[in-house]
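Engineer: Following this line is target04.txt, made up of compact mmCIF, C-alpha atoms:
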# COMPACT_ATOMS: atom_id res chain seq x y z
CA MET A 1 56.86 75.90 42.88
CA GLY A 2 60.38 74.77 42.02
CA PHE A 3 62.70 73.01 44.43
CA ARG A 4 64.90 76.10 45.05
CA GLU A 5 61.93 78.35 45.78
CA HIS A 6 60.48 75.78 48.18
CA ALA A 7 63.78 75.36 50.01
CA ALA A 8 64.19 79.12 50.37
CA ARG A 9 60.66 79.44 51.79
CA VAL A 10 61.37 76.65 54.31
CA ARG A 11 64.60 78.37 55.40
CA ARG A 12 62.71 81.66 55.96
CA ILE A 13 60.08 79.92 58.09
CA LEU A 14 62.73 78.09 60.13
CA GLY A 15 64.60 81.37 60.66
CA ILE A 16 61.48 83.05 62.03
CA VAL A 17 60.77 80.09 64.33
CA LEU A 18 64.35 80.09 65.66
CA ALA A 19 64.24 83.84 66.26
CA VAL A 20 61.02 83.46 68.25
CA LEU A 21 62.54 80.65 70.28
CA LEU A 22 65.71 82.67 70.98
CA LEU A 23 63.72 85.71 72.08
CA GLY A 24 61.66 83.52 74.35
CA GLY A 25 64.80 82.04 75.84
CA VAL A 26 66.28 85.47 76.50
CA ALA A 27 63.04 86.58 78.13
CA ALA A 28 63.04 83.49 80.32
CA VAL A 29 66.61 84.18 81.44
CA LEU A 30 65.74 87.80 82.23
CA LEU A 31 62.66 86.79 84.21
CA THR A 32 64.30 84.00 86.18
CA GLY A 33 67.77 85.53 86.55
CA GLY A 34 69.31 82.65 84.62
CA ASP A 35 71.92 80.72 86.58
CA LYS A 36 72.25 83.41 89.23
CA ASP A 37 74.64 82.43 92.04
CA THR A 38 72.67 82.52 95.25
CA GLY A 39 75.92 83.27 97.11
CA THR A 40 76.50 86.54 95.28
CA ALA A 41 76.74 89.54 97.60
CA THR A 42 73.62 91.67 97.70
CA LYS A 43 74.74 94.60 99.90
CA THR A 44 77.54 96.93 98.83
CA VAL A 45 78.98 98.53 101.95
CA ARG A 46 81.51 101.36 101.99
CA GLY A 47 83.74 102.27 104.91
CA VAL A 48 86.85 104.12 106.05
CA ILE A 49 89.34 102.06 108.05
CA GLY A 50 92.70 102.30 109.80
CA SER A 51 95.57 101.21 107.54
CA GLU A 52 96.41 98.23 109.78
CA LYS A 53 93.15 96.56 108.69
CA ALA A 54 93.63 97.08 104.93
CA GLU A 55 95.15 93.64 104.35
CA PHE A 56 92.32 91.98 106.27
CA PHE A 57 89.61 93.50 104.08
CA ALA A 58 91.66 92.85 100.90
CA ASP A 59 92.20 89.16 101.74
CA PRO A 60 90.40 87.05 99.07
CA GLN A 61 89.19 84.66 101.78
CA VAL A 62 87.68 87.55 103.72
CA VAL A 63 86.07 88.88 100.54
CA LYS A 64 84.61 85.43 99.87
CA ALA A 65 83.36 84.97 103.45
CA LEU A 66 81.66 88.37 103.35
CA ALA A 67 80.12 87.65 99.95
CA THR A 68 78.72 84.37 101.29
CA LYS A 69 76.92 86.43 103.92
CA GLY A 70 75.67 88.92 101.32
CA PHE A 71 78.25 91.72 101.55
CA THR A 72 80.62 93.44 99.17
CA VAL A 73 82.83 95.77 101.21
CA GLY A 74 84.77 98.70 99.77
CA THR A 75 87.27 100.49 102.01
CA GLU A 76 89.49 103.54 102.11
CA THR A 77 92.25 104.09 104.69
CA SER A 78 92.77 107.04 107.03
CA GLY A 79 94.46 107.86 110.30
CA SER A 80 91.99 107.08 113.08
CA TRP A 81 91.82 110.64 114.41
CA ASP A 82 91.75 112.09 110.90
CA MET A 83 88.45 110.28 110.31
CA GLU A 84 86.61 112.86 112.37
CA GLU A 85 87.54 115.49 109.79
CA LEU A 86 86.29 113.47 106.83
CA PRO A 87 82.90 114.09 105.20
CA LEU A 88 81.32 110.71 105.98
CA ASP A 89 78.20 111.11 103.86
CA GLY A 90 77.90 108.02 101.69
CA TYR A 91 79.85 105.78 104.07
CA ASP A 92 78.22 102.88 105.89
CA PHE A 93 80.82 102.57 108.62
CA ALA A 94 84.00 104.04 110.06
CA PHE A 95 86.50 101.64 111.62
CA PRO A 96 89.22 103.42 113.64
CA SER A 97 91.70 101.54 115.76
CA SER A 98 90.44 102.30 119.24
CA LYS A 99 87.47 103.36 121.33
CA ALA A 100 88.41 107.04 121.83
CA PRO A 101 88.22 108.18 118.18
CA ALA A 102 85.25 105.85 117.65
CA ASP A 103 83.33 107.53 120.47
CA GLY A 104 84.03 110.92 118.93
CA LEU A 105 82.87 109.72 115.52
CA HIS A 106 79.73 108.19 117.01
CA ALA A 107 78.82 111.42 118.75
CA LYS A 108 79.43 113.41 115.59
CA THR A 109 77.60 111.16 113.14
CA LYS A 110 74.76 109.71 115.22
CA ASN A 111 71.59 109.65 113.12
CA ALA A 112 68.38 107.71 112.69
CA LYS A 113 70.06 105.05 110.59
CA ALA A 114 72.89 104.29 113.03
CA THR A 115 70.82 102.45 115.59
CA THR A 116 73.55 100.88 117.70
CA ALA A 117 76.59 101.92 119.69
CA PRO A 118 80.04 101.22 118.24
CA LEU A 119 81.05 97.55 118.03
CA ARG A 120 84.46 96.09 118.94
CA PRO A 121 85.03 92.89 116.95
CA PHE A 122 88.73 92.46 117.82
CA TYR A 123 91.69 94.12 119.54
CA SER A 124 95.48 94.21 119.61
CA PRO A 125 97.99 95.43 122.21
CA LEU A 126 100.70 97.90 121.26
CA VAL A 127 104.23 96.48 121.16
CA VAL A 128 107.68 97.69 120.16
CA VAL A 129 109.61 95.84 117.47
CA ALA A 130 113.39 96.06 117.70
CA HIS A 131 116.31 94.73 115.74
CA SER A 132 118.26 92.15 117.73
CA ALA A 133 121.30 94.35 118.38
CA ALA A 134 119.11 97.17 119.70
CA ALA A 135 117.16 94.79 121.95
CA GLN A 136 120.38 93.31 123.34
CA VAL A 137 121.77 96.77 124.13
CA LEU A 138 118.54 97.83 125.84
CA ALA A 139 118.59 94.66 127.94
CA GLY A 140 122.26 95.15 128.83
CA ASN A 141 121.47 98.62 130.16
CA GLY A 142 118.39 97.77 132.20
CA LEU A 143 115.84 99.19 129.76
CA ALA A 144 114.46 95.79 128.75
CA THR A 145 114.49 92.11 129.60
CA LEU A 146 114.69 89.33 127.01
CA GLY A 147 113.33 85.80 126.97
CA PRO A 148 115.55 82.73 126.60
CA ARG A 149 115.49 82.80 122.80
CA GLY A 150 116.12 86.53 122.59
CA THR A 151 113.20 87.03 120.16
CA SER A 152 110.77 88.55 122.66
CA GLY A 153 110.85 90.35 125.95
CA THR A 154 109.65 93.31 127.98
CA LEU A 155 110.37 97.01 127.61
CA LYS A 156 110.70 98.68 131.01
CA MET A 157 108.71 101.86 130.54
CA ASP A 158 110.03 103.66 133.65
CA ALA A 159 113.63 103.10 132.57
CA TYR A 160 112.92 104.00 128.96
CA LEU A 161 111.15 107.26 129.92
CA ALA A 162 114.03 108.15 132.24
CA ALA A 163 116.41 107.71 129.30
CA ALA A 164 114.15 109.89 127.16
CA ARG A 165 114.12 112.65 129.79
CA ALA A 166 117.93 112.59 129.86
CA ASP A 167 118.22 112.58 126.04
CA ARG A 168 120.38 109.48 126.26
CA THR A 169 122.08 108.36 123.06
CA TRP A 170 122.87 104.87 121.86
CA GLN A 171 126.58 105.71 122.13
CA GLN A 172 126.11 106.26 125.88
CA LEU A 173 124.79 102.72 126.33
CA LYS A 174 127.28 99.94 126.92
CA GLY A 175 127.41 97.34 124.21
CA SER A 176 126.52 99.69 121.37
CA ALA A 177 130.07 99.95 120.01
CA GLY A 178 130.43 98.14 116.72
CA HIS A 179 126.80 98.69 115.73
CA ALA A 180 126.90 101.61 113.33
CA GLU A 181 123.10 101.57 113.00
CA LEU A 182 122.79 102.41 116.73
CA SER A 183 123.57 106.10 116.85
CA GLY A 184 121.90 109.29 118.00
CA THR A 185 119.16 109.63 120.58
CA VAL A 186 117.37 106.51 121.78
CA PHE A 187 113.73 106.80 120.77
CA ILE A 188 110.75 104.78 119.59
CA THR A 189 109.28 105.61 116.20
CA SER A 190 105.51 106.11 116.50
CA THR A 191 102.81 107.56 114.29
CA ASP A 192 101.54 111.15 114.37
CA PRO A 193 99.43 111.30 117.57
CA VAL A 194 97.20 114.03 116.16
CA ALA A 195 96.21 111.86 113.18
CA SER A 196 96.80 108.27 114.24
CA ASN A 197 95.47 106.08 117.01
CA SER A 198 98.67 104.16 117.79
CA GLY A 199 100.65 107.37 118.25
CA ALA A 200 98.03 108.80 120.59
CA LEU A 201 97.83 105.60 122.64
CA TYR A 202 101.62 105.59 122.98
CA LEU A 203 101.32 108.99 124.66
CA ALA A 204 98.51 107.70 126.87
CA ALA A 205 100.68 104.87 128.18
CA ALA A 206 103.73 107.13 128.61
CA SER A 207 101.68 109.76 130.43
CA TYR A 208 100.20 107.14 132.77
CA VAL A 209 103.64 105.83 133.74
CA ALA A 210 105.27 109.27 133.97
CA ASP A 211 102.49 110.59 136.22
CA GLY A 212 102.79 107.83 138.78
CA GLY A 213 100.06 105.54 137.48
CA ARG A 214 97.42 108.24 137.11
CA VAL A 215 95.26 108.55 134.02
CA ALA A 216 95.19 112.10 132.66
CA ASN A 217 91.82 113.65 133.46
CA GLY A 218 92.19 117.26 132.38
CA LYS A 219 94.42 120.17 131.43
CA GLU A 220 96.45 120.13 134.66
CA ALA A 221 97.33 116.45 134.21
CA VAL A 222 98.24 117.01 130.56
CA THR A 223 100.50 119.91 131.56
CA ARG A 224 102.41 117.75 134.07
CA THR A 225 103.64 115.33 131.40
CA ALA A 226 103.63 117.59 128.33
CA PRO A 227 107.43 118.30 128.36
CA LEU A 228 108.25 114.59 128.35
CA LEU A 229 105.65 113.73 125.73
CA ARG A 230 106.99 116.56 123.57
CA LYS A 231 110.44 114.96 123.76
CA LEU A 232 109.04 111.57 122.72
CA VAL A 233 107.40 113.06 119.64
CA GLN A 234 109.69 115.83 118.47
CA VAL A 235 112.86 113.72 118.50
CA GLN A 236 111.28 111.69 115.68
CA GLY A 237 110.94 114.48 113.15
CA ALA A 238 108.32 113.78 110.47
CA GLN A 239 105.82 111.08 111.44
CA GLN A 240 103.53 108.84 109.40
CA SER A 241 99.75 109.09 109.78
CA GLY A 242 99.26 105.30 109.78
CA SER A 243 101.01 102.34 111.38
CA ASP A 244 101.39 100.26 108.23
CA ALA A 245 104.22 102.25 106.62
CA PRO A 246 106.58 102.37 109.66
CA PHE A 247 106.18 98.61 110.16
CA ARG A 248 106.92 97.90 106.49
CA ASP A 249 109.98 100.14 106.69
CA PHE A 250 111.19 98.19 109.73
CA ILE A 251 110.64 94.82 108.04
CA SER A 252 112.57 96.00 104.98
CA GLY A 253 115.51 97.02 107.18
CA VAL A 254 115.28 100.81 106.96
CA GLY A 255 114.45 103.45 109.53
CA ASN A 256 114.77 103.53 113.31
CA PRO A 257 115.75 100.34 115.21
CA LEU A 258 112.75 100.71 117.59
CA VAL A 259 109.22 101.04 116.18
CA LEU A 260 105.82 101.06 117.88
CA VAL A 261 103.36 98.75 116.10
CA TYR A 262 100.29 96.65 116.78
CA GLU A 263 100.91 93.08 117.92
CA SER A 264 98.53 92.04 115.11
CA GLN A 265 101.04 93.23 112.51
CA VAL A 266 103.72 90.93 113.95
CA ALA A 267 101.32 88.01 114.45
CA ALA A 268 100.08 88.28 110.86
CA GLN A 269 103.66 87.97 109.58
CA LEU A 270 104.24 84.91 111.75
CA LEU A 271 100.98 83.21 110.77
CA ALA A 272 101.70 83.85 107.08
CA GLY A 273 105.07 82.13 107.45
CA HIS A 274 107.12 85.16 106.52
CA PRO A 275 110.76 85.21 107.70
CA MET A 276 111.21 87.41 110.74
CA GLY A 277 114.91 88.15 110.32
CA ASP A 278 116.39 89.68 113.47
CA LEU A 279 113.05 91.05 114.71
CA VAL A 280 112.49 91.09 118.47
CA VAL A 281 109.07 91.82 120.01
CA LEU A 282 109.18 93.92 123.18
CA TYR A 283 105.93 94.19 125.13
CA PRO A 284 105.96 97.41 127.18
CA ASP A 285 105.36 96.50 130.82
CA THR A 286 102.67 99.21 130.67
CA THR A 287 100.86 99.32 127.35
CA VAL A 288 97.43 99.90 125.87
CA ASN A 289 95.10 97.48 124.13
CA SER A 290 93.81 98.99 120.92
CA ASP A 291 90.15 98.02 120.57
CA HIS A 292 89.43 98.15 116.85
CA THR A 293 86.01 99.77 116.97
CA LEU A 294 83.47 99.90 114.16
CA VAL A 295 81.09 102.88 114.13
CA PRO A 296 77.89 102.03 112.22
CA LEU A 297 76.66 104.89 110.05
CA THR A 298 73.85 102.90 108.39
CA GLU A 299 71.95 99.69 109.07
CA ASN A 300 74.19 97.87 106.61
CA GLY A 301 77.22 99.13 108.51
CA ARG A 302 75.73 97.86 111.75
CA ALA A 303 75.04 94.45 110.20
CA LEU A 304 78.64 94.23 108.98
CA GLY A 305 79.97 95.06 112.45
CA GLU A 306 77.83 92.36 114.06
CA LEU A 307 78.96 89.87 111.44
CA LEU A 308 82.65 90.60 112.07
CA ALA A 309 82.09 90.12 115.79
CA THR A 310 80.09 86.88 115.66
CA ASP A 311 80.71 84.91 112.45
CA PRO A 312 83.10 81.99 113.19
CA GLU A 313 84.78 82.11 109.78
CA LEU A 314 85.39 85.87 109.91
CA ARG A 315 86.71 85.56 113.48
CA ARG A 316 89.09 82.84 112.29
CA LEU A 317 90.29 85.08 109.47
CA ALA A 318 90.72 88.00 111.88
CA VAL A 319 93.04 85.80 113.93
CA ARG A 320 94.94 84.87 110.77
CA HIS A 321 95.59 88.59 110.36
CA GLY A 322 96.92 88.74 113.92
CA PHE A 323 93.92 90.24 115.72
CA ARG A 324 92.58 88.94 119.02
CA PRO A 325 88.78 88.43 118.75
CA GLN A 326 86.80 89.87 121.63
CA GLY A 327 85.54 87.36 124.17
CA ALA A 328 87.46 84.19 123.27
CA ALA A 329 91.17 84.12 124.08
CA SER A 330 91.45 80.49 122.99
CA GLU A 331 90.96 81.39 119.32
CA PHE A 332 94.14 83.46 119.32
CA THR A 333 96.22 81.23 121.59
CA THR A 334 95.38 78.10 119.61
CA ALA A 335 96.26 79.70 116.28
CA THR A 336 99.56 81.15 117.54
CA GLN A 337 100.69 78.19 119.65
CA SER A 338 103.79 77.62 117.50
CA HIS A 339 104.88 81.26 117.73
CA THR A 340 105.28 81.75 121.48
CA ALA A 341 108.96 82.58 120.95
CA TYR A 342 107.71 85.96 119.70
CA LEU A 343 104.22 86.41 121.17
CA ASN A 344 103.14 86.84 124.79
CA GLN A 345 99.83 85.05 124.26
CA THR A 346 98.39 85.75 127.71
CA LEU A 347 100.05 89.18 128.13
CA THR A 348 101.72 87.95 131.32
CA GLY A 349 103.48 90.77 133.15
CA VAL A 350 101.87 93.45 130.99
CA ARG A 351 99.81 96.15 132.70
CA GLN A 352 97.05 97.90 130.79
CA ALA A 353 97.04 101.67 131.14
CA PRO A 354 93.59 103.31 131.21
CA VAL A 355 93.00 105.59 128.25
CA PRO A 356 91.92 109.21 128.80
CA THR A 357 88.77 110.54 127.20
CA GLY A 358 89.03 111.46 123.55
CA LYS A 359 89.07 115.16 124.38
CA VAL A 360 91.96 114.81 126.84
CA LEU A 361 93.87 112.47 124.55
CA HIS A 362 93.55 114.90 121.67
CA GLU A 363 94.80 117.76 123.84
CA MET A 364 97.72 115.57 124.93
CA ALA A 365 98.60 114.91 121.29
CA LEU A 366 98.41 118.60 120.37
CA ARG A 367 100.64 119.56 123.29
CA ALA A 368 103.15 116.86 122.35
CA ARG A 369 103.25 118.29 118.85
CA ASP A 370 103.54 121.78 120.40
CA GLN A 371 100.30 122.82 118.72
CA GLY A 372 98.17 123.23 121.84
CA ASP A 373 97.98 125.80 124.60
CA SER A 374 101.52 126.12 125.98
CA ALA A 375 100.31 127.40 129.33
Could I get this file's structure written as structure tokens?

Structural biologist:
Amino acid sequence: MGFREHAARVRRILGIVLAVLLLGGVAAVLLTGGDKDTGTATKTVRGVIGSEKAEFFADPQVVKALATKGFTVGTETSGSWDMEELPLDGYDFAFPSSKAPADGLHAKTKNAKATTAPLRPFYSPLVVVAHSAAAQVLAGNGLATLGPRGTSGTLKMDAYLAAARADRTWQQLKGSAGHAELSGTVFITSTDPVASNSGALYLAAASYVADGGRVANGKEAVTRTAPLLRKLVQVQGAQQSGSDAPFRDFISGVGNPLVLVYESQVAAQLLAGHPMGDLVVLYPDTTVNSDHTLVPLTENGRALGELLATDPELRRLAVRHGFRPQGAASEFTTATQSHTAYLNQTLTGVRQAPVPTGKVLHEMALRARDQGDSA
């Protein structure tokens, strides 16, 4: 055999040997999983959430913390009350912004897989953000009080509701001259109460104050305050179905000078170091805490809810997004210690209004929108 023929034969043999070795290597990788990252998420969980929690779930640190615990979470946003109308097949959890819509969802979707009651990992009180000129005018007319720095204060709900009943305009308030942006009827921008939790809770607080500190417990109670609540809603015109858009409009300097938001939205801006401009935070002297409530629809949804409530890293990240974790006030107060010029950490001087049942609250919202029984 000549040299060339021998060399060719050797190359063929080596090629076959290498092919066998490569196939064996591929098989070994397939069998062992190769260099599989043991921290890779193993459960894909899908949920529908209120818009105010979208940034929390999109935060890369939150995504990483969840993946470390074995979860990949996909979310879609919806108004809290609108969730009840969604086909929730294929979802693992629903996460509205308070207990009332969560209770309705739980009753509607209870099944063998959802083995626990709704879970409340964190909460946030409702506040009103105002531009500085508007806050100063309210304070000068007895509708609000301001702290020493003028960046936070208290909205006097009785006085504000009296102004709403009388259809008072900014031009009728002393000190408004020279502020072209302060014109027309004095009102607070809120979300659609039929679709959105924050709008409905605004009505709950207003109804409680207007009815002498009584929580609405039926049709008669709703009827007593319906004319006032209708004023509060209909003066606004078109309303958003989620709280995120009105807050972003306010921050960008457009829209009404008074907007109802969650405290968490303000706290998140502060903790992220964003400039606050002329923003003033007014805590209504009677407000409602919004308990962000997760409704488990599957076992994976339940496990996610428990993780959000108990995992130290996820609780820390919830605080970074402005939420107050349930059961440990120190986590929030420690994180926001340098922002007390804006935040009432202990909610001093703020009364919590009881929230009506979901059925009553929904009727209240319909009547305010003039869609319910007008009797």

Engineer: So, with all atoms listed in the file as the atoms that count, which of A:Arg324, A:Leu126, A:Leu361, A:Thr293 lies closest to Leu260 in chain A?

Structural biologist: A:Leu126

Engineer: Tell me, as a JSON list (two decimals) with C-alpha atoms, keeping the file's coordinate frame, which residues lie within 10 Å of Ile49 in chain A, counting only C-alpha atoms; anything in the same chain fewer than 6 positions away does not count.

Structural biologist:
[["chain", "number", "residue", "atom", "x", "y", "z"],
["A", 57, "PHE", "CA", 89.61, 93.50, 104.08],
["A", 75, "THR", "CA", 87.27, 100.49, 102.01],
["A", 76, "GLU", "CA", 89.49, 103.54, 102.11],
["A", 77, "THR", "CA", 92.25, 104.09, 104.69],
["A", 78, "SER", "CA", 92.77, 107.04, 107.03],
["A", 79, "GLY", "CA", 94.46, 107.86, 110.30],
["A", 80, "SER", "CA", 91.99, 107.08, 113.08],
["A", 83, "MET", "CA", 88.45, 110.28, 110.31],
["A", 93, "PHE", "CA", 80.82, 102.57, 108.62],
["A", 94, "ALA", "CA", 84.00, 104.04, 110.06],
["A", 95, "PHE", "CA", 86.50, 101.64, 111.62],
["A", 96, "PRO", "CA", 89.22, 103.42, 113.64],
["A", 97, "SER", "CA", 91.70, 101.54, 115.76],
["A", 292, "HIS", "CA", 89.43, 98.15, 116.85],
["A", 293, "THR", "CA", 86.01, 99.77, 116.97],
["A", 294, "LEU", "CA", 83.47, 99.90, 114.16]]

Engineer: Quick one: distance from CA of Ala139 in chain A to CA of Leu343 in chain A in Å, one decimal?

Structural biologist: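 Separation of CA of Ala139 in chain A and CA of Leu343 in chain A: 17.9 Å.
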
Engineer: Can you pull out the residues contacting range 353-356 of chain A? Cut-off 10 Å, using all atoms listed in the file, and skip same-chain residues under 5 positions away; I want them as a PDB file with C-alpha atoms, keeping the file's coordinate frame.

Structural biologist:
ATOM      1  CA  SER A  98      90.440 102.300 119.240  1.00  0.00           C
ATOM      2  CA  LYS A  99      87.470 103.360 121.330  1.00  0.00           C
ATOM      3  CA  ALA A 100      88.410 107.040 121.830  1.00  0.00           C
ATOM      4  CA  ALA A 200      98.030 108.800 120.590  1.00  0.00           C
ATOM      5  CA  LEU A 201      97.830 105.600 122.640  1.00  0.00           C
ATOM      6  CA  LEU A 203     101.320 108.990 124.660  1.00  0.00           C
ATOM      7  CA  ALA A 204      98.510 107.700 126.870  1.00  0.00           C
ATOM      8  CA  ALA A 205     100.680 104.870 128.180  1.00  0.00           C
ATOM      9  CA  ALA A 206     103.730 107.130 128.610  1.00  0.00           C
ATOM     10  CA  SER A 207     101.680 109.760 130.430  1.00  0.00           C
ATOM     11  CA  TYR A 208     100.200 107.140 132.770  1.00  0.00           C
ATOM     12  CA  VAL A 209     103.640 105.830 133.740  1.00  0.00           C
ATOM     13  CA  GLY A 213     100.060 105.540 137.480  1.00  0.00           C
ATOM     14  CA  ARG A 214      97.420 108.240 137.110  1.00  0.00           C
ATOM     15  CA  VAL A 215      95.260 108.550 134.020  1.00  0.00           C
ATOM     16  CA  ALA A 216      95.190 112.100 132.660  1.00  0.00           C
ATOM     17  CA  ASN A 217      91.820 113.650 133.460  1.00  0.00           C
ATOM     18  CA  GLY A 218      92.190 117.260 132.380  1.00  0.00           C
ATOM     19  CA  ASP A 285     105.360  96.500 130.820  1.00  0.00           C
ATOM     20  CA  THR A 286     102.670  99.210 130.670  1.00  0.00           C
ATOM     21  CA  THR A 287     100.860  99.320 127.350  1.00  0.00           C
ATOM     22  CA  VAL A 288      97.430  99.900 125.870  1.00  0.00           C
ATOM     23  CA  ASN A 289      95.100  97.480 124.130  1.00  0.00           C
ATOM     24  CA  SER A 290      93.810  98.990 120.920  1.00  0.00           C
ATOM     25  CA  LEU A 361      93.870 112.470 124.550  1.00  0.00           C
ATOM     26  CA  HIS A 362      93.550 114.900 121.670  1.00  0.00           C
ATOM     27  CA  MET A 364      97.720 115.570 124.930  1.00  0.00           C
TER      28      MET A 364
END

Engineer: Just the number, please: distance in Å from CA of Trp170 in chain A to CA of Val266 in chain A, one decimal.

Structural biologist: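 These atoms are spaced 25.0 Å apart.
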
Engineer: Measuring atom to atom with only C-alpha atoms, identify which of A:Ala166, A:Glu363, A:Ser264, A:Ala159 is nearest to Phe332 in chain A.

Structural biologist: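 Of A:Ala166, A:Glu363, A:Ser264, A:Ala159, the one nearest Phe332 in chain A, counting only C-alpha atoms, is A:Ser264.
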
Engineer: Do you know which residues are at most 7 Å from Ala341 in chain A counting only C-alpha atoms, after dropping those on the same chain fewer than 3 positions away, and could you put them as a ChimeraX atom specification?

Structural biologist: /A:149,151-152

Engineer: Kindly give the distance, in Å, that separates CA of Val128 in chain A and CA of Gly175 in chain A, rounded to a single decimal.

Structural biologist: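 Value for the CA of Val128 in chain A-CA of Gly175 in chain A distance: 20.1 Å.
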
Engineer: Could you give me, as a list in words, the residues that sit within 10 Å of (92.4, 86.3, 113.5) in the file's coordinates, counting all atoms listed in the file?

Structural biologist: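 Here the neighbourhood of the point contains Phe56, Phe122, Tyr123, Ser264, Ala267, Ala268, Leu271, Glu313, Leu314, Arg315, Arg316, Leu317, Ala318, Val319, Arg320, His321, Gly322, Phe323, Arg324, Pro325, Glu331, Phe332, Ala335 and Thr336 of chain A.
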
Engineer: What's around Asn300 in chain A at 8 Å? Count all atoms listed in the file, leave out sequence neighbours fewer than 5 positions away in its own chain, and write the answer as a PDB file with C-alpha atoms, in the coordinates of the input.

Structural biologist:
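What follows is the written file around-v6.pdb:
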ATOM      1  CA  LYS A  43      74.740  94.600  99.900  1.00  0.00           C
ATOM      2  CA  VAL A  45      78.980  98.530 101.950  1.00  0.00           C
ATOM      3  CA  ASP A  92      78.220 102.880 105.890  1.00  0.00           C
TER       4      ASP A  92
END

Engineer: Could you tell me which of A:Arg46, A:Lys53, A:Arg302, A:His274 comes closest to Tyr262 in chain A if we count only C-alpha atoms?

Structural biologist: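 Ranking A:Arg46, A:Lys53, A:Arg302, A:His274 by distance to Tyr262 in chain A, first place goes to A:Lys53.
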
Engineer: Given all atoms listed in the file as the basis, pick out the residue of A:Val235, A:Ala195, A:Leu282, A:Ala303 nearest to Met157 in chain A.

Structural biologist: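 The closest residue to Met157 in chain A is A:Leu282.
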
Engineer: As a list in words, please: the residues near Gly153 in chain A (cut-off 7 Å, all atoms listed in the file, same-chain neighbours under 6 positions excluded).

Structural biologist: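 Returned residues: Thr145, Leu146, Gly147, Val281, Leu282 and Tyr283 of chain A.
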
Engineer: Please determine, counting only C-alpha atoms, which residue among A:Asp103, A:Glu263, A:Asp278, A:Asp82 has the shortest atom-to-atom distance to Val295 in chain A.

Structural biologist: A:Asp103
